[in-house]
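Peer 1: Here it is: the structure, laid out below.
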Amino acid sequence: GPEGPQGPAGSLTNAYHGAFIFDSDTTLTSATSPNSTANIQVVSTSGFYAPGYMKIGAEIIGYTGITATTFTGITRGIAGSSGATLHVIGNGVSQAQFTPASTPKQVLLDQTDLSNGVTLNILTGDVTIVNAGVYNLQFSAQFENFSNNVEDAIMWFRLNGTNIPKSTSYITTPTIHGGVPGATLMTMNLFYTFVANDVVSLAWTSNQGKTAITSIPPVGSTIPKSPGVIFTVNRIS
């Protein structure tokens with residue numbers, strides 16, 4: 001209290017932590033005609049993987065290359081979505097993740113929010129834990145289903161490229177409705193003991209290949225964006 005002795009200032013030196021997300025987005029600068037595989041023009045492709053996937057409205061689109069403002073090698077209607085859609089100038093474009101049915105794939109992370117002794121390899125999604133200890137791992141993943149059938153999405157943790165036992169979560173994604181993909185948020189919380197320089201990552205799949213990891217755009221100034229993935233790592237001892 002104000003009348004008693006005061007201790008020294010605290011320190012975050014050993015409070016090792018990391019916070020990483022998958023959330024890159026941009027805006028169309030040219031309309032994209034239904035079923036067209038022409039290059040897609042945007043404000044910027046910064047933060048997008050190549051090759052990769054994007055979400056525009058209720059469609060997942062694949063691409064093989066990028067320039068500063070262009071996506072090339074376009075494939076329409078990925079993940080059971082409809083490619084017969086007109087996307088107009090000003091539409092939002094967000095980076096997405098897709099994998100074929102029952103095909104495990106490492107989860108990508110494209111931004112670092114916080115980092116102290118826990119670092120992200122932005123090329124792979126690998127997270128390196130520099131200092132040994134017991135850590136709390138948490139993630140949330142935003143899945144959207146673009147088909148007329150419910151589907152199971154599955155996600156789990158890996159340590160140095162090997163699956164961590166008893167770390168898998170399953171969730172059922174609802175069908176597309178009224179032209180809006182069915183959305184589900186998966187979350188998981190895990191305590192794990194790491195040695196110095198262990199590498200932890202996330203992997204995922206779906207049973208029909210009709211689901212993608214996506215960001216959901218904000219609704220005006222009322223509802224903020226839902227990032228595709230949020231992954232946090234905190235040392236607790």
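Residue numbers start at 1 in each chain; chains themselves are named A, B, ... in the order of the structure tokens; ligands are numbered from 1 in the order shown.
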Neighbouring residues of Ile66 in chain A were defined as those with any atom within 7 Å, considering only C-alpha atoms; residues of the same chain fewer than 5 positions away were excluded. Please report them as a PyMOL selection string.

Peer 2: chain A and resi 45+50+71-72

Peer 1: Which residues are close to Gln97 in chain A, i.e. within 10 Å by only C-alpha atoms, leaving aside same-chain residues fewer than 6 positions away? Reply as an NGL selection string.

Peer 2: :A and (22 or 49 or 52-55 or 60 or 62 or 105-108 or 143 or 204 or 211-215 or 228)

Peer 1: May I have the residues within 12 Å of Thr85 in chain A as a list in words, using only C-alpha atoms and disregarding those fewer than 3 positions away in the same chain?

Peer 2: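 Listed by chain and then number, they are Ala31, Thr32, Ser33, Pro34, Asn35, Ser36, Thr37, Ile56, Gly57, Ala58, Glu59, Ile60, Ile61, Arg76, Gly77, Ser81, Ser82, Val88 and Gly179 of chain A.
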
Peer 1: Do a neighbour search on Ala132 in chain A at 8 Å with only C-alpha atoms, toss out local chain neighbours closer than 6 positions, and write the hits as a ChimeraX atom specification.

Peer 2: /A:193-197

Peer 1: Please provide as JSON, numbers by chain all residues within 7 Å of Gln138 in chain A, with the sequence filter that same-chain residues fewer than 5 positions apart are discarded (counting only C-alpha atoms).

Peer 2: {"A": [188, 189, 190, 231, 232, 233]}

Peer 1: Next, the residues of the selection above should be written as a PDB file, in the first residue's frame with all heavy atoms.

Peer 2:
```pdb
ATOM      1  N   MET A 188      -8.776 -24.600 -28.899  1.00  0.00           N
ATOM      2  CA  MET A 188      -8.090 -25.683 -28.194  1.00  0.00           C
ATOM      3  C   MET A 188      -7.083 -25.072 -27.234  1.00  0.00           C
ATOM      4  O   MET A 188      -6.470 -24.039 -27.521  1.00  0.00           O
ATOM      5  CB  MET A 188      -7.375 -26.593 -29.201  1.00  0.00           C
ATOM      6  CG  MET A 188      -6.530 -27.696 -28.602  1.00  0.00           C
ATOM      7  SD  MET A 188      -7.501 -28.931 -27.703  1.00  0.00           S
ATOM      8  CE  MET A 188      -6.249 -30.145 -27.315  1.00  0.00           C
ATOM      9  N   ASN A 189      -6.908 -25.717 -26.087  1.00  0.00           N
ATOM     10  CA  ASN A 189      -6.002 -25.258 -25.036  1.00  0.00           C
ATOM     11  C   ASN A 189      -5.161 -26.450 -24.590  1.00  0.00           C
ATOM     12  O   ASN A 189      -5.703 -27.499 -24.242  1.00  0.00           O
ATOM     13  CB  ASN A 189      -6.830 -24.693 -23.878  1.00  0.00           C
ATOM     14  CG  ASN A 189      -5.981 -24.026 -22.826  1.00  0.00           C
ATOM     15  OD1 ASN A 189      -4.785 -23.854 -22.993  1.00  0.00           O
ATOM     16  ND2 ASN A 189      -6.607 -23.636 -21.733  1.00  0.00           N
ATOM     17  N   LEU A 190      -3.815 -26.319 -24.616  1.00  0.00           N
ATOM     18  CA  LEU A 190      -2.930 -27.437 -24.305  1.00  0.00           C
ATOM     19  C   LEU A 190      -1.758 -26.956 -23.457  1.00  0.00           C
ATOM     20  O   LEU A 190      -1.167 -25.912 -23.735  1.00  0.00           O
ATOM     21  CB  LEU A 190      -2.401 -28.050 -25.609  1.00  0.00           C
ATOM     22  CG  LEU A 190      -1.446 -29.238 -25.485  1.00  0.00           C
ATOM     23  CD1 LEU A 190      -2.205 -30.489 -25.045  1.00  0.00           C
ATOM     24  CD2 LEU A 190      -0.745 -29.502 -26.823  1.00  0.00           C
ATOM     25  N   PHE A 231      -2.998 -17.944 -32.822  1.00  0.00           N
ATOM     26  CA  PHE A 231      -2.220 -18.975 -32.123  1.00  0.00           C
ATOM     27  C   PHE A 231      -1.334 -18.270 -31.091  1.00  0.00           C
ATOM     28  O   PHE A 231      -0.539 -17.401 -31.443  1.00  0.00           O
ATOM     29  CB  PHE A 231      -1.368 -19.748 -33.121  1.00  0.00           C
ATOM     30  CG  PHE A 231      -0.533 -20.869 -32.523  1.00  0.00           C
ATOM     31  CD1 PHE A 231      -1.013 -21.608 -31.450  1.00  0.00           C
ATOM     32  CD2 PHE A 231       0.703 -21.183 -33.042  1.00  0.00           C
ATOM     33  CE1 PHE A 231      -0.270 -22.647 -30.909  1.00  0.00           C
ATOM     34  CE2 PHE A 231       1.458 -22.212 -32.526  1.00  0.00           C
ATOM     35  CZ  PHE A 231       0.981 -22.953 -31.452  1.00  0.00           C
ATOM     36  N   THR A 232      -1.507 -18.621 -29.815  1.00  0.00           N
ATOM     37  CA  THR A 232      -0.723 -17.998 -28.750  1.00  0.00           C
ATOM     38  C   THR A 232       0.053 -19.053 -27.971  1.00  0.00           C
ATOM     39  O   THR A 232      -0.411 -20.181 -27.779  1.00  0.00           O
ATOM     40  CB  THR A 232      -1.622 -17.205 -27.779  1.00  0.00           C
ATOM     41  OG1 THR A 232      -2.568 -18.084 -27.159  1.00  0.00           O
ATOM     42  CG2 THR A 232      -2.359 -16.098 -28.518  1.00  0.00           C
ATOM     43  N   VAL A 233       1.241 -18.644 -27.524  1.00  0.00           N
ATOM     44  CA  VAL A 233       2.155 -19.524 -26.788  1.00  0.00           C
ATOM     45  C   VAL A 233       2.655 -18.739 -25.578  1.00  0.00           C
ATOM     46  O   VAL A 233       3.236 -17.669 -25.735  1.00  0.00           O
ATOM     47  CB  VAL A 233       3.341 -19.961 -27.670  1.00  0.00           C
ATOM     48  CG1 VAL A 233       4.272 -20.888 -26.899  1.00  0.00           C
ATOM     49  CG2 VAL A 233       2.850 -20.628 -28.950  1.00  0.00           C
TER      50      VAL A 233
END
```

Peer 1: Between A:Gly117, A:Ile230, A:Ile154, A:Gly92, which has the minimum distance to Tyr170 in chain A (counting only C-alpha atoms)?

Peer 2: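 Using only C-alpha atoms, the shortest distance to Tyr170 in chain A belongs to A:Ile154.
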
Peer 1: Taking into account only C-alpha atoms, which residue in the set A:Gly73, A:Leu86, A:Gln95, A:His17 is nearest to Gly47 in chain A?

Peer 2: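 Of A:Gly73, A:Leu86, A:Gln95, A:His17, the one nearest Gly47 in chain A, counting only C-alpha atoms, is A:Gln95.
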
Peer 1: With only C-alpha atoms as the basis for distance, which of A:Phe139, A:Tyr63, A:Phe48, A:Phe146 is at the shortest distance from Ser169 in chain A?

Peer 2: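 Smallest distance to Ser169 in chain A is found for A:Phe139.
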